[in-house]
$ cat query.csv   # CSV, C-alpha atoms
chain,number,residue,atom,x,y,z
W,1,MET,CA,252.3,121.2,-38.5
W,2,THR,CA,253.6,122.9,-35.4
W,3,ALA,CA,252.9,122.2,-31.7
W,4,PRO,CA,250.5,124.6,-30.0
W,5,ARG,CA,251.9,127.7,-28.3
W,6,PHE,CA,250.6,128.5,-24.8
W,7,THR,CA,250.6,131.9,-23.1
W,8,THR,CA,249.8,132.2,-19.4
W,9,LEU,CA,248.6,135.3,-17.6
W,10,GLY,CA,248.0,135.6,-13.9
W,11,CYS,CA,248.7,133.3,-11.0
W,12,ARG,CA,250.9,130.3,-10.2
W,13,LEU,CA,247.8,128.1,-10.4
W,14,ASN,CA,247.2,129.2,-14.0
W,15,ALA,CA,250.8,128.3,-14.8
W,16,TYR,CA,250.2,124.9,-13.3
W,17,GLU,CA,247.1,124.4,-15.3
W,18,THR,CA,248.9,125.5,-18.5
W,19,GLU,CA,251.3,122.6,-18.0
W,20,ALA,CA,248.4,120.2,-17.7
W,21,MET,CA,246.8,121.6,-20.9
W,22,LYS,CA,250.0,121.1,-22.8
W,23,GLU,CA,249.9,117.4,-21.9
W,24,LEU,CA,246.2,117.2,-23.0
W,25,ALA,CA,246.8,119.0,-26.2
W,26,ALA,CA,249.8,116.7,-27.1
W,27,GLN,CA,247.8,113.6,-26.2
W,28,HIS,CA,245.1,114.5,-28.6
W,29,GLY,CA,247.3,115.9,-31.4
W,30,LEU,CA,246.2,119.6,-31.4
W,31,ASN,CA,248.5,121.5,-33.8
W,32,ASP,CA,248.8,125.0,-35.3
W,33,ALA,CA,247.1,126.6,-32.3
W,34,ILE,CA,247.6,129.3,-29.8
W,35,VAL,CA,246.1,129.0,-26.3
W,36,VAL,CA,245.8,132.0,-24.0
W,37,ASN,CA,245.2,131.1,-20.4
W,38,THR,CA,243.7,134.4,-18.9
W,39,CYS,CA,243.4,136.0,-15.5
W,40,ALA,CA,240.4,137.9,-14.2
W,41,VAL,CA,241.6,139.2,-10.9
W,42,THR,CA,241.3,142.8,-11.9
W,43,ALA,CA,239.9,144.8,-14.8
W,44,GLU,CA,243.5,145.5,-15.8
W,45,ALA,CA,244.1,141.8,-16.1
W,46,VAL,CA,241.3,141.4,-18.5
W,47,ARG,CA,242.5,144.4,-20.5
W,48,LYS,CA,246.0,142.9,-20.7
W,49,ALA,CA,244.5,139.6,-21.9
W,50,ARG,CA,242.7,141.3,-24.8
W,51,GLN,CA,245.9,143.2,-25.6
W,52,GLU,CA,247.9,139.9,-25.6
W,53,ILE,CA,245.3,138.2,-27.8
W,54,ARG,CA,245.5,141.0,-30.5
W,55,LYS,CA,249.3,140.8,-30.4
W,56,LEU,CA,249.4,137.0,-30.8
W,57,ARG,CA,246.9,137.2,-33.7
W,58,ARG,CA,249.0,139.8,-35.5
W,59,GLU,CA,252.1,137.6,-35.1
W,60,ASN,CA,250.2,134.3,-36.0
W,61,PRO,CA,247.5,135.2,-38.6
W,62,ASP,CA,246.8,131.6,-39.6
W,63,ALA,CA,246.8,129.9,-36.2
W,64,LYS,CA,243.7,128.7,-34.3
W,65,LEU,CA,243.4,131.0,-31.3
W,66,ILE,CA,241.8,129.5,-28.2
W,67,VAL,CA,241.1,131.6,-25.1
W,68,THR,CA,240.6,130.0,-21.7
W,69,GLY,CA,241.1,130.8,-18.0
W,70,CYS,CA,239.3,132.9,-15.4
W,71,ALA,CA,238.5,135.8,-17.7
W,72,ALA,CA,237.1,133.5,-20.4
W,73,GLN,CA,235.0,131.9,-17.6
W,74,THR,CA,233.6,135.2,-16.2
W,75,GLU,CA,233.3,137.1,-19.5
W,76,PRO,CA,232.9,134.6,-22.4
W,77,GLU,CA,231.0,137.1,-24.4
W,78,THR,CA,233.9,139.6,-24.2
W,79,PHE,CA,236.3,137.2,-25.9
W,80,SER,CA,233.9,135.5,-28.3
W,81,ALA,CA,233.1,139.0,-29.7
W,82,MET,CA,236.8,139.5,-30.6
W,83,GLY,CA,237.5,138.9,-34.2
W,84,GLU,CA,240.9,137.5,-33.3
W,85,VAL,CA,239.4,134.6,-31.2
W,86,ASP,CA,238.2,131.3,-32.6
W,87,VAL,CA,237.1,129.4,-29.5
W,88,VAL,CA,236.4,130.4,-25.9
W,89,VAL,CA,236.9,127.5,-23.3
W,90,GLY,CA,235.8,127.6,-19.7
W,91,ASN,CA,237.9,126.8,-16.6
W,92,HIS,CA,236.3,123.4,-16.1
W,93,GLU,CA,236.3,122.5,-19.8
W,94,LYS,CA,240.0,123.3,-20.2
W,95,MET,CA,240.9,120.4,-18.0
W,96,GLN,CA,238.7,117.8,-19.8
W,97,PRO,CA,240.3,115.4,-22.3
W,98,GLN,CA,237.2,115.5,-24.5
W,99,THR,CA,237.6,119.3,-24.9
W,100,TRP,CA,241.1,118.8,-26.4
W,101,GLN,CA,239.9,115.9,-28.5
W,102,SER,CA,237.2,118.2,-29.9
W,103,LEU,CA,239.6,121.0,-30.6
W,104,ALA,CA,242.0,118.7,-32.4
W,105,ASN,CA,239.5,116.8,-34.5
W,106,ASP,CA,236.6,119.1,-35.2
W,107,PHE,CA,237.7,122.6,-34.5
W,108,GLY,CA,235.3,125.4,-34.4
W,109,THR,CA,232.0,123.6,-34.1
W,110,GLU,CA,231.4,125.2,-30.7
W,111,PRO,CA,232.8,128.7,-30.5
W,112,VAL,CA,232.0,129.0,-26.8
W,113,MET,CA,232.6,126.0,-24.6
W,114,VAL,CA,231.8,127.5,-21.2
W,115,ASP,CA,229.4,126.0,-18.7
W,116,ASP,CA,228.3,126.9,-15.2
W,117,ILE,CA,231.4,126.7,-13.0
W,118,MET,CA,229.3,126.6,-9.9
W,119,SER,CA,227.9,123.2,-10.8
W,120,VAL,CA,231.3,121.6,-10.7
W,121,GLU,CA,231.7,119.5,-7.6
W,122,GLU,CA,235.0,117.7,-8.2
W,123,THR,CA,238.5,118.7,-9.0
W,124,ALA,CA,239.6,117.7,-12.5
W,125,GLY,CA,241.9,114.7,-12.8
W,126,HIS,CA,244.7,116.7,-14.2
W,127,LEU,CA,247.4,116.4,-11.5
W,128,ILE,CA,250.7,116.4,-13.3
W,129,ASP,CA,254.1,115.2,-12.1
W,130,GLY,CA,256.4,118.1,-11.8
W,131,PHE,CA,255.4,121.5,-12.9
W,132,GLY,CA,258.1,124.1,-12.0
W,133,THR,CA,261.8,124.1,-12.1
W,134,ARG,CA,263.8,120.9,-11.8
W,135,SER,CA,264.2,121.8,-8.1
W,136,ARG,CA,260.7,122.6,-7.0
W,137,ALA,CA,257.4,121.1,-8.0
W,138,TYR,CA,253.9,122.5,-7.4
W,139,VAL,CA,251.0,120.3,-6.5
W,140,GLN,CA,247.4,121.6,-6.8
W,141,VAL,CA,245.4,120.2,-3.9
W,142,GLN,CA,242.4,122.5,-4.0
W,143,ASN,CA,240.4,124.7,-6.4
W,144,GLY,CA,237.7,127.2,-6.1
W,145,CYS,CA,236.5,129.3,-3.2
W,146,ASP,CA,233.3,129.4,-1.0
W,147,HIS,CA,233.9,132.9,0.3
W,148,ARG,CA,232.6,136.1,-1.4
W,149,CYS,CA,235.0,138.9,-0.6
W,150,THR,CA,233.5,142.1,-2.0
W,151,PHE,CA,236.5,142.9,-4.3
W,152,CYS,CA,237.0,139.4,-5.8
W,153,ILE,CA,235.6,137.9,-9.0
W,154,ILE,CA,237.7,134.7,-8.7
W,155,PRO,CA,234.9,132.4,-7.2
W,156,TYR,CA,232.9,133.1,-10.4
W,157,GLY,CA,235.9,132.0,-12.4
W,158,ARG,CA,236.9,129.1,-10.3
W,159,GLY,CA,233.7,127.9,-8.8
W,160,ASN,CA,233.1,126.6,-5.3
W,161,SER,CA,235.9,124.9,-3.2
W,162,ARG,CA,236.8,121.4,-4.2
W,163,SER,CA,239.6,119.3,-2.7
W,164,VAL,CA,241.9,116.6,-4.0
W,165,PRO,CA,241.8,113.6,-1.7
W,166,ALA,CA,244.8,113.1,0.5
W,167,GLY,CA,245.7,109.7,-0.9
W,168,VAL,CA,245.9,111.1,-4.4
W,169,VAL,CA,248.1,114.0,-3.2
W,170,VAL,CA,250.4,111.7,-1.3
W,171,ASP,CA,250.8,109.3,-4.2
W,172,GLN,CA,251.7,112.2,-6.5
W,173,ILE,CA,254.3,113.6,-4.1
W,174,LYS,CA,255.9,110.2,-3.8
W,175,ARG,CA,256.3,110.1,-7.6
W,176,LEU,CA,257.8,113.6,-7.5
W,177,VAL,CA,260.4,112.5,-4.8
W,178,ASP,CA,261.2,109.4,-6.8
W,179,ARG,CA,262.0,111.7,-9.8
W,180,GLY,CA,264.4,113.7,-7.7
W,181,TYR,CA,262.5,116.8,-6.5
W,182,ASN,CA,263.7,118.1,-3.2
W,183,GLU,CA,260.8,120.6,-2.6
W,184,VAL,CA,257.1,120.4,-3.1
W,185,VAL,CA,254.7,123.4,-2.8
W,186,LEU,CA,251.0,122.8,-2.1
W,187,THR,CA,248.9,125.2,-4.0
W,188,GLY,CA,245.2,126.1,-4.3
W,189,VAL,CA,242.8,129.0,-4.7
W,190,ASP,CA,241.8,128.9,-1.0
W,191,LEU,CA,244.3,126.4,0.4
W,192,THR,CA,243.1,126.5,4.0
W,193,SER,CA,239.7,125.4,3.0
W,194,TRP,CA,241.2,122.0,1.8
W,195,GLY,CA,239.2,119.0,3.1
W,196,ALA,CA,235.9,120.7,4.0
W,197,ASP,CA,234.2,118.9,1.1
W,198,LEU,CA,235.8,115.5,1.7
W,199,PRO,CA,234.5,112.7,3.9
W,200,ALA,CA,235.3,113.3,7.6
W,201,THR,CA,236.3,116.9,6.7
W,202,PRO,CA,240.0,116.7,7.2
W,203,THR,CA,242.0,119.9,7.5
W,204,LEU,CA,245.1,121.3,5.7
W,205,GLY,CA,247.1,120.5,8.8
W,206,ASN,CA,246.0,116.9,8.6
W,207,LEU,CA,247.2,116.8,5.0
W,208,VAL,CA,250.5,118.4,5.8
W,209,LEU,CA,251.2,115.9,8.7
W,210,ARG,CA,250.1,113.0,6.5
W,211,ILE,CA,252.4,114.0,3.7
W,212,LEU,CA,255.4,114.4,6.0
W,213,LYS,CA,254.7,111.0,7.6
W,214,LEU,CA,254.0,109.0,4.5
W,215,VAL,CA,256.8,110.6,2.3
W,216,PRO,CA,259.8,110.5,4.7
W,217,ASP,CA,262.2,111.1,1.8
W,218,LEU,CA,260.7,114.5,0.9
W,219,PRO,CA,263.3,117.1,2.2
W,220,ARG,CA,261.1,120.2,2.0
W,221,LEU,CA,257.3,120.8,2.0
W,222,ARG,CA,256.1,124.4,1.4
W,223,ILE,CA,252.6,125.7,1.5
W,224,SER,CA,251.5,128.7,-0.6
W,225,SER,CA,249.1,131.5,0.3
W,226,ILE,CA,246.9,130.7,3.3
W,227,ASP,CA,244.0,132.5,5.2
W,228,SER,CA,245.3,132.7,8.7
W,229,ILE,CA,241.9,132.8,10.3
W,230,GLU,CA,241.3,129.3,8.9
W,231,VAL,CA,244.5,127.7,10.1
W,232,ASP,CA,243.8,124.6,12.2
W,233,ASP,CA,245.5,123.1,15.2
W,234,ALA,CA,247.1,120.4,13.2
W,235,LEU,CA,248.8,122.9,11.0
W,236,MET,CA,250.1,124.8,14.1
W,237,GLN,CA,251.4,121.5,15.4
W,238,ALA,CA,253.2,120.9,12.1
W,239,ILE,CA,254.7,124.4,12.3
W,240,ALA,CA,256.0,123.6,15.8
W,241,THR,CA,257.3,120.1,15.2
W,242,GLU,CA,258.1,119.5,11.6
W,243,PRO,CA,261.4,121.0,10.4
W,244,ARG,CA,260.7,119.8,6.9
W,245,LEU,CA,257.8,122.2,6.7
W,246,MET,CA,259.4,125.4,5.4
W,247,PRO,CA,259.4,128.4,7.8
W,248,HIS,CA,257.7,130.7,5.3
W,249,LEU,CA,254.0,131.5,5.2
W,250,HIS,CA,252.3,133.8,2.7
W,251,LEU,CA,249.2,135.3,4.3
W,252,SER,CA,246.0,136.6,2.6
W,253,LEU,CA,245.7,139.7,4.8
W,254,GLN,CA,244.5,142.3,2.2
W,255,HIS,CA,244.3,145.2,4.7
W,256,GLY,CA,245.2,146.5,8.1
W,257,ASP,CA,242.1,148.4,9.1
W,258,ASP,CA,239.1,146.7,10.7
W,259,LEU,CA,236.4,148.8,9.0
W,260,ILE,CA,238.0,148.2,5.6
W,261,LEU,CA,238.3,144.4,6.4
W,262,LYS,CA,234.6,144.3,7.2
W,263,ARG,CA,233.8,146.2,3.9
W,264,MET,CA,235.9,143.7,2.1
W,265,LYS,CA,233.9,140.9,3.8
W,266,ARG,CA,237.0,139.3,5.2
W,267,ARG,CA,236.6,137.0,8.1
W,268,HIS,CA,239.5,138.3,10.3
W,269,LEU,CA,240.4,141.6,12.0
W,270,ARG,CA,243.8,143.1,12.4
W,271,ASP,CA,244.3,141.7,15.9
W,272,ASP,CA,243.6,138.2,14.5
W,273,ALA,CA,246.4,138.5,12.0
W,274,ILE,CA,248.8,139.9,14.6
W,275,GLY,CA,247.9,137.2,17.1
W,276,PHE,CA,248.4,134.4,14.5
W,277,VAL,CA,251.9,135.7,13.5
W,278,GLU,CA,252.9,136.0,17.2
W,279,THR,CA,251.8,132.5,17.9
W,280,ALA,CA,253.5,131.1,14.8
W,281,LEU,CA,256.8,132.9,15.8
W,282,GLY,CA,256.5,131.5,19.3
W,283,LEU,CA,256.4,128.0,17.8
W,284,ARG,CA,259.0,128.6,15.0
W,285,PRO,CA,261.2,131.7,15.7
W,286,ASP,CA,262.8,131.5,12.2
W,287,MET,CA,259.5,131.8,10.4
W,288,THR,CA,259.1,134.6,7.8
W,289,PHE,CA,255.9,136.0,6.5
W,290,GLY,CA,254.7,137.4,3.2
W,291,ALA,CA,251.3,138.9,2.6
W,292,ASP,CA,248.8,140.2,0.0
W,293,ILE,CA,247.8,143.8,0.7
W,294,ILE,CA,245.4,145.9,-1.4
W,295,ALA,CA,246.0,149.7,-1.6
W,296,GLY,CA,243.2,152.1,-2.2
W,297,PHE,CA,240.2,149.9,-1.5
W,298,PRO,CA,236.9,151.9,-1.9
W,299,THR,CA,236.3,154.3,1.1
W,300,GLU,CA,239.9,153.9,2.3
W,301,THR,CA,241.0,157.1,4.1
W,302,ASP,CA,244.5,158.2,5.0
W,303,ALA,CA,243.9,156.8,8.5
W,304,HIS,CA,242.8,153.5,7.2
W,305,PHE,CA,245.8,153.2,5.0
W,306,GLU,CA,248.2,154.1,7.9
W,307,ASN,CA,246.8,151.0,9.6
W,308,SER,CA,247.9,148.9,6.6
W,309,LEU,CA,251.3,150.4,6.7
W,310,ALA,CA,251.6,149.8,10.5
W,311,LEU,CA,250.5,146.2,10.0
W,312,VAL,CA,253.6,145.4,7.9
W,313,ASP,CA,255.7,145.9,11.0
W,314,GLU,CA,253.2,144.5,13.5
W,315,CYS,CA,252.9,141.3,11.5
W,316,HIS,CA,256.7,141.1,10.9
W,317,LEU,CA,256.0,140.9,7.2
W,318,THR,CA,259.0,140.5,4.8
W,319,TRP,CA,257.6,139.6,1.4
W,320,LEU,CA,254.8,141.9,0.3
W,321,HIS,CA,252.5,141.5,-2.7
W,322,VAL,CA,250.9,144.9,-3.2
W,323,PHE,CA,247.8,145.3,-5.3
W,324,PRO,CA,246.6,148.7,-6.3
W,325,TYR,CA,242.8,148.4,-6.1
W,326,SER,CA,240.9,148.5,-9.4
W,327,PRO,CA,237.1,148.0,-9.6
W,328,ARG,CA,236.0,144.7,-11.0
W,329,GLN,CA,232.6,144.8,-12.7
W,330,GLY,CA,230.2,142.4,-11.0
W,331,THR,CA,231.7,142.8,-7.5
W,332,PRO,CA,230.1,144.7,-4.6
W,333,ALA,CA,233.2,146.8,-4.1
W,334,ALA,CA,232.9,148.2,-7.7
W,335,ARG,CA,229.7,149.9,-6.5
W,336,MET,CA,231.3,151.5,-3.4
W,337,PRO,CA,232.7,155.1,-3.4
W,338,GLN,CA,236.1,154.8,-5.1
W,339,VAL,CA,239.4,156.3,-4.1
W,340,HIS,CA,241.1,158.6,-6.6
W,341,GLY,CA,243.5,156.9,-8.9
W,342,ALA,CA,246.5,159.1,-8.0
W,343,GLN,CA,245.9,158.3,-4.3
W,344,ILE,CA,245.8,154.6,-5.0
W,345,LYS,CA,249.0,154.8,-6.9
W,346,ALA,CA,250.8,156.8,-4.2
W,347,ARG,CA,249.6,154.4,-1.4
W,348,ALA,CA,250.7,151.3,-3.4
W,349,LYS,CA,254.1,152.9,-3.9
W,350,ALA,CA,254.4,153.7,-0.1
W,351,LEU,CA,253.6,150.0,0.7
W,352,ARG,CA,256.1,148.8,-1.8
W,353,GLU,CA,258.8,151.1,-0.3
W,354,LYS,CA,257.9,149.7,3.1
W,355,GLY,CA,258.3,146.2,1.7
W,356,LYS,CA,261.7,146.9,0.3
W,357,LEU,CA,262.9,148.1,3.7
W,358,ARG,CA,261.5,145.0,5.4
W,359,VAL,CA,263.3,142.8,2.8
W,360,GLN,CA,266.6,144.6,3.4
W,361,ALA,CA,266.2,144.3,7.1
W,362,HIS,CA,265.6,140.5,6.8
W,363,LEU,CA,268.6,140.0,4.5
W,364,GLY,CA,270.9,142.1,6.8
W,365,GLN,CA,270.0,139.8,9.7
W,366,GLN,CA,271.3,136.7,7.7
W,367,LEU,CA,274.9,137.9,7.5
W,368,GLY,CA,277.3,135.3,9.0
W,369,GLN,CA,274.6,132.6,9.1
W,370,ASN,CA,274.7,129.3,7.4
W,371,HIS,CA,271.6,128.4,5.3
W,372,ALA,CA,270.4,125.3,3.5
W,373,VAL,CA,269.9,126.6,0.0
W,374,LEU,CA,267.8,124.8,-2.7
W,375,MET,CA,269.5,125.6,-6.0
W,376,GLU,CA,267.1,126.8,-8.7
W,377,ASN,CA,269.9,127.1,-11.2
W,378,ALA,CA,273.7,126.9,-11.1
W,379,HIS,CA,274.2,130.2,-9.3
W,380,MET,CA,270.9,131.0,-7.5
W,381,GLY,CA,268.9,129.3,-4.9
W,382,ARG,CA,266.6,130.0,-2.0
W,383,THR,CA,266.8,129.6,1.8
W,384,GLU,CA,264.1,127.8,3.7
W,385,GLN,CA,262.6,131.3,4.4
W,386,PHE,CA,262.5,131.9,0.6
W,387,ALA,CA,265.3,134.5,0.3
W,388,GLU,CA,267.3,134.4,-2.9
W,389,VAL,CA,270.9,133.5,-2.5
W,390,VAL,CA,273.6,134.0,-5.2
W,391,MET,CA,276.5,131.5,-4.9
W,392,ASP,CA,280.1,132.2,-5.8
W,393,ALA,CA,280.7,128.8,-7.4
W,394,PRO,CA,278.3,126.9,-9.6
W,395,GLN,CA,276.1,124.3,-7.9
W,396,GLN,CA,274.0,121.4,-9.1
W,397,GLU,CA,270.4,122.6,-10.0
W,398,GLY,CA,267.9,121.0,-7.6
W,399,ALA,CA,270.5,120.2,-4.9
W,400,ILE,CA,270.3,121.5,-1.3
W,401,VAL,CA,273.6,123.0,-0.3
W,402,SER,CA,275.0,124.6,2.8
W,403,ALA,CA,275.9,128.2,2.3
W,404,LEU,CA,277.6,130.8,4.5
W,405,ILE,CA,276.0,134.2,4.0
W,406,LYS,CA,278.8,136.8,3.5
W,407,GLY,CA,276.9,139.7,2.1
W,408,ALA,CA,273.6,141.1,0.8
W,409,THR,CA,272.3,143.4,-1.9
W,410,GLU,CA,268.9,145.1,-1.6
W,411,THR,CA,267.1,142.0,-2.9
W,412,GLN,CA,269.5,139.0,-2.6
W,413,LEU,CA,271.9,137.3,-0.2
W,414,LEU,CA,275.5,136.6,-1.3
W,415,ALA,CA,277.1,133.3,-0.2
W,416,ALA,CA,280.4,131.5,-0.3

$ encode --input "query.csv" --output "structure tokens"
Amino acid sequence: MTAPRFTTLGCRLNAYETEAMKELAAQHGLNDAIVVNTCAVTAEAVRKARQEIRKLRRENPDAKLIVTGCAAQTEPETFSAMGEVDVVVGNHEKMQPQTWQSLANDFGTEPVMVDDIMSVEETAGHLIDGFGTRSRAYVQVQNGCDHRCTFCIIPYGRGNSRSVPAGVVVDQIKRLVDRGYNEVVLTGVDLTSWGADLPATPTLGNLVLRILKLVPDLPRLRISSIDSIEVDDALMQAIATEPRLMPHLHLSLQHGDDLILKRMKRRHLRDDAIGFVETALGLRPDMTFGADIIAGFPTETDAHFENSLALVDECHLTWLHVFPYSPRQGTPAARMPQVHGAQIKARAKALREKGKLRVQAHLGQQLGQNHAVLMENAHMGRTEQFAEVVMDAPQQEGAIVSALIKGATETQLLAA
């Protein structure tokens, strides 16, 4: 018998949950199986999932093939109809011990194990100690989303927003620090909605301040993608006063034109985004920003797109995640007038080129500076602002070392 093989598609949260599933599968003795953790963010993501499933079946004709994740949740019939697939497991079910016990002991009695994700009211108890590299751990504090952006299928894959209580989060981070982790990243589907469903409705800023106070030995705390319109006063206080909160924020902006933002059903306008960045920089001048931006959203004109390009400079963005729009069946945007595929591709390319220039400008500004670098392996680490640094001499993985920046390539800093 061989241990199950896991394949992860999509986001960091999926990767986190794959690690939890590995533990559950091992606890219940599942063997000779392949588990595909799918993504549903675009139609292309679903196509890639089907392609990967066919490939894995060809390579492993006798293994039990289990499909789970967001695409399995939103389109269970698509995957259950594939001859290569034995069982389809929903996003809630994949985190339940009884699911893995069933898969290990009585495989195949239920070919589709997918219930209504909207009925789930609590986060699964699957927090694990230390997914990531030996230097950086990811802690899931929130799942699901209460918002309904017109392009997004994810709420139907993840359900409504649920938060992990602060005490549980703090206890886990203490364990991670005790195990030697020097950086923890808080993750979630809609991170800035953390706490809205908990007693007394605490905010993400409250959680950040509590972690930093109660885990004084944690050198670095980082927060992943946030919605700037939901940032609370306590988080702004943390940005201003807590040097252990890393000066790097990834913003869910999606576009730079007000009309397109309204058609996306976003809750901010371009001036809100610019105002947030200016305020944050006033509190923490060394702050850097990344952002998600969609190119070619339905009805986007050249003028609309130019506003997205301009926003890259106006929001001082450094790290861009550019998404060429693709229609997602079941979303309102899929029914809107579509932009031609060639235009979408060209606009995405222009945004990526702009992003490359912004990265090069940021790296060029670091020459001659000293940075505290968290080593991800013997020769590469990251600054507090998340820039990659290549070191001359090997360093201990997981250590935070002081480095003098002596040069830069188009994508990395070079340090002595």

$ closest_residue --input "query.csv" --among "W:Tyr181, W:Asp271, W:Arg328, W:Pro298" --to "Ala40 (chain W)" --atoms "all atoms listed in the file"
W:Arg328

$ closest_atom_pairs --input "query.csv" --of "region 354-381 of chain W" --to "region 215-226 of chain W" --cutoff "12 Å" --atoms "all atoms listed in the file" --output "JSON lines"
{"residue": "W:Ala372", "atom": "CA", "partner": "W:Arg220", "partner_atom": "CA", "distance": 10.7}
{"residue": "W:Val373", "atom": "CA", "partner": "W:Arg220", "partner_atom": "CA", "distance": 11.1}
{"residue": "W:Leu374", "atom": "CA", "partner": "W:Arg220", "partner_atom": "CA", "distance": 9.4}

$ write_last_selection --input "query.csv" --atoms "C-alpha atoms" --output "PDB file, keeping the file's coordinate frame"
ATOM      1  CA  ALA W 372     270.400 125.300   3.500  1.00  0.00           C
ATOM      2  CA  VAL W 373     269.900 126.600   0.000  1.00  0.00           C
ATOM      3  CA  LEU W 374     267.800 124.800  -2.700  1.00  0.00           C
TER       4      LEU W 374
END

$ closest_residue --input "query.csv" --among "W:Ala333, W:Pro199, W:Gln254, W:Thr279" --to "Gln237 (chain W)" --atoms "all atoms listed in the file"
W:Thr279

$ residues_around --input "query.csv" --residues "Arg158 (chain W)" --least-positions-apart "6" --cutoff "10 Å" --atoms "only C-alpha atoms" --output "list in words"
Gly69, Cys70, Gln73, Thr74, Gly90, Asn91, His92, Ile117, Met118, Val120, Asn143, Gly144, Cys145, Asp146 and Val189 of chain W

$ write_last_selection --input "query.csv" --atoms "C-alpha atoms" --output "PDB file, keeping the file's coordinate frame"
ATOM      1  CA  GLY W  69     241.100 130.800 -18.000  1.00  0.00           C
ATOM      2  CA  CYS W  70     239.300 132.900 -15.400  1.00  0.00           C
ATOM      3  CA  GLN W  73     235.000 131.900 -17.600  1.00  0.00           C
ATOM      4  CA  THR W  74     233.600 135.200 -16.200  1.00  0.00           C
ATOM      5  CA  GLY W  90     235.800 127.600 -19.700  1.00  0.00           C
ATOM      6  CA  ASN W  91     237.900 126.800 -16.600  1.00  0.00           C
ATOM      7  CA  HIS W  92     236.300 123.400 -16.100  1.00  0.00           C
ATOM      8  CA  ILE W 117     231.400 126.700 -13.000  1.00  0.00           C
ATOM      9  CA  MET W 118     229.300 126.600  -9.900  1.00  0.00           C
ATOM     10  CA  VAL W 120     231.300 121.600 -10.700  1.00  0.00           C
ATOM     11  CA  ASN W 143     240.400 124.700  -6.400  1.00  0.00           C
ATOM     12  CA  GLY W 144     237.700 127.200  -6.100  1.00  0.00           C
ATOM     13  CA  CYS W 145     236.500 129.300  -3.200  1.00  0.00           C
ATOM     14  CA  ASP W 146     233.300 129.400  -1.000  1.00  0.00           C
ATOM     15  CA  VAL W 189     242.800 129.000  -4.700  1.00  0.00           C
TER      16      VAL W 189
END

$ residues_near_point --input "query.csv" --point "(244.0, 157.2, -8.2)" --cutoff "12 Å" --atoms "all atoms listed in the file" --output "list in words"
Ala295, Gly296, Phe297, Pro298, Glu300, Pro324, Tyr325, Ser326, Pro327, Gln338, Val339, His340, Gly341, Ala342, Gln343, Ile344, Lys345, Ala346, Arg347, Ala348 and Lys349 of chain W

$ closest_residue --input "query.csv" --among "W:Met246, W:Leu309, W:Ala415, W:Ala361" --to "Gln385 (chain W)" --atoms "only C-alpha atoms"
W:Met246

$ closest_residue --input "query.csv" --among "W:Gln27, W:Asn160, W:Gln98, W:Thr38" --to "Arg50 (chain W)" --atoms "all atoms listed in the file"
W:Thr38

$ residues_around --input "query.csv" --residues "Ser308 (chain W)" --least-positions-apart "2" --cutoff "9 Å" --atoms "all atoms listed in the file" --output "PyMOL selection string"
chain W and resi 254-257+293-295+304-306+310-312+351

$ residues_around --input "query.csv" --residues "Ser193 (chain W)" --least-positions-apart "4" --cutoff "12 Å" --atoms "all atoms listed in the file" --output "MDAnalysis selection string"
chainID W and resid 141:147 160:164 187:189 197:198 201:207 225:232

$ closest_residue --input "query.csv" --among "W:Ala25, W:Ile66, W:Leu413, W:Val401" --to "Gln366 (chain W)" --atoms "all atoms listed in the file"
W:Leu413

$ decode --input "query.csv" --residues "region 391-400 of chain W" --atoms "N, CA and C atoms" --output "mmCIF file, in the first residue's frame"
data_model
loop_
_atom_site.group_PDB
_atom_site.id
_atom_site.type_symbol
_atom_site.label_atom_id
_atom_site.label_comp_id
_atom_site.auth_asym_id
_atom_site.auth_seq_id
_atom_site.Cartn_x
_atom_site.Cartn_y
_atom_site.Cartn_z
ATOM 1 N N MET W 391 21.540 35.811 -1.391
ATOM 2 C CA MET W 391 22.697 36.048 -0.540
ATOM 3 C C MET W 391 23.949 35.427 -1.149
ATOM 4 N N ASP W 392 25.082 36.075 -0.955
ATOM 5 C CA ASP W 392 26.361 35.529 -1.418
ATOM 6 C C ASP W 392 26.713 34.234 -0.692
ATOM 7 N N ALA W 393 26.678 34.299 0.623
ATOM 8 C CA ALA W 393 27.083 33.149 1.436
ATOM 9 C C ALA W 393 25.847 32.427 1.956
ATOM 10 N N PRO W 394 25.914 31.105 2.099
ATOM 11 C CA PRO W 394 24.756 30.371 2.610
ATOM 12 C C PRO W 394 24.397 30.793 4.034
ATOM 13 N N GLN W 395 23.085 30.800 4.302
ATOM 14 C CA GLN W 395 22.569 31.176 5.613
ATOM 15 C C GLN W 395 21.666 30.052 6.126
ATOM 16 N N GLN W 396 21.348 30.116 7.396
ATOM 17 C CA GLN W 396 20.467 29.113 7.990
ATOM 18 C C GLN W 396 19.026 29.373 7.581
ATOM 19 N N GLU W 397 18.372 28.340 7.048
ATOM 20 C CA GLU W 397 16.964 28.474 6.671
ATOM 21 C C GLU W 397 16.129 28.826 7.895
ATOM 22 N N GLY W 398 15.255 29.824 7.735
ATOM 23 C CA GLY W 398 14.396 30.248 8.831
ATOM 24 C C GLY W 398 14.965 31.358 9.681
ATOM 25 N N ALA W 399 16.257 31.651 9.528
ATOM 26 C CA ALA W 399 16.880 32.715 10.313
ATOM 27 C C ALA W 399 16.563 34.083 9.715
ATOM 28 N N ILE W 400 16.567 35.098 10.570
ATOM 29 C CA ILE W 400 16.455 36.479 10.105
ATOM 30 C C ILE W 400 17.851 37.078 10.178
#
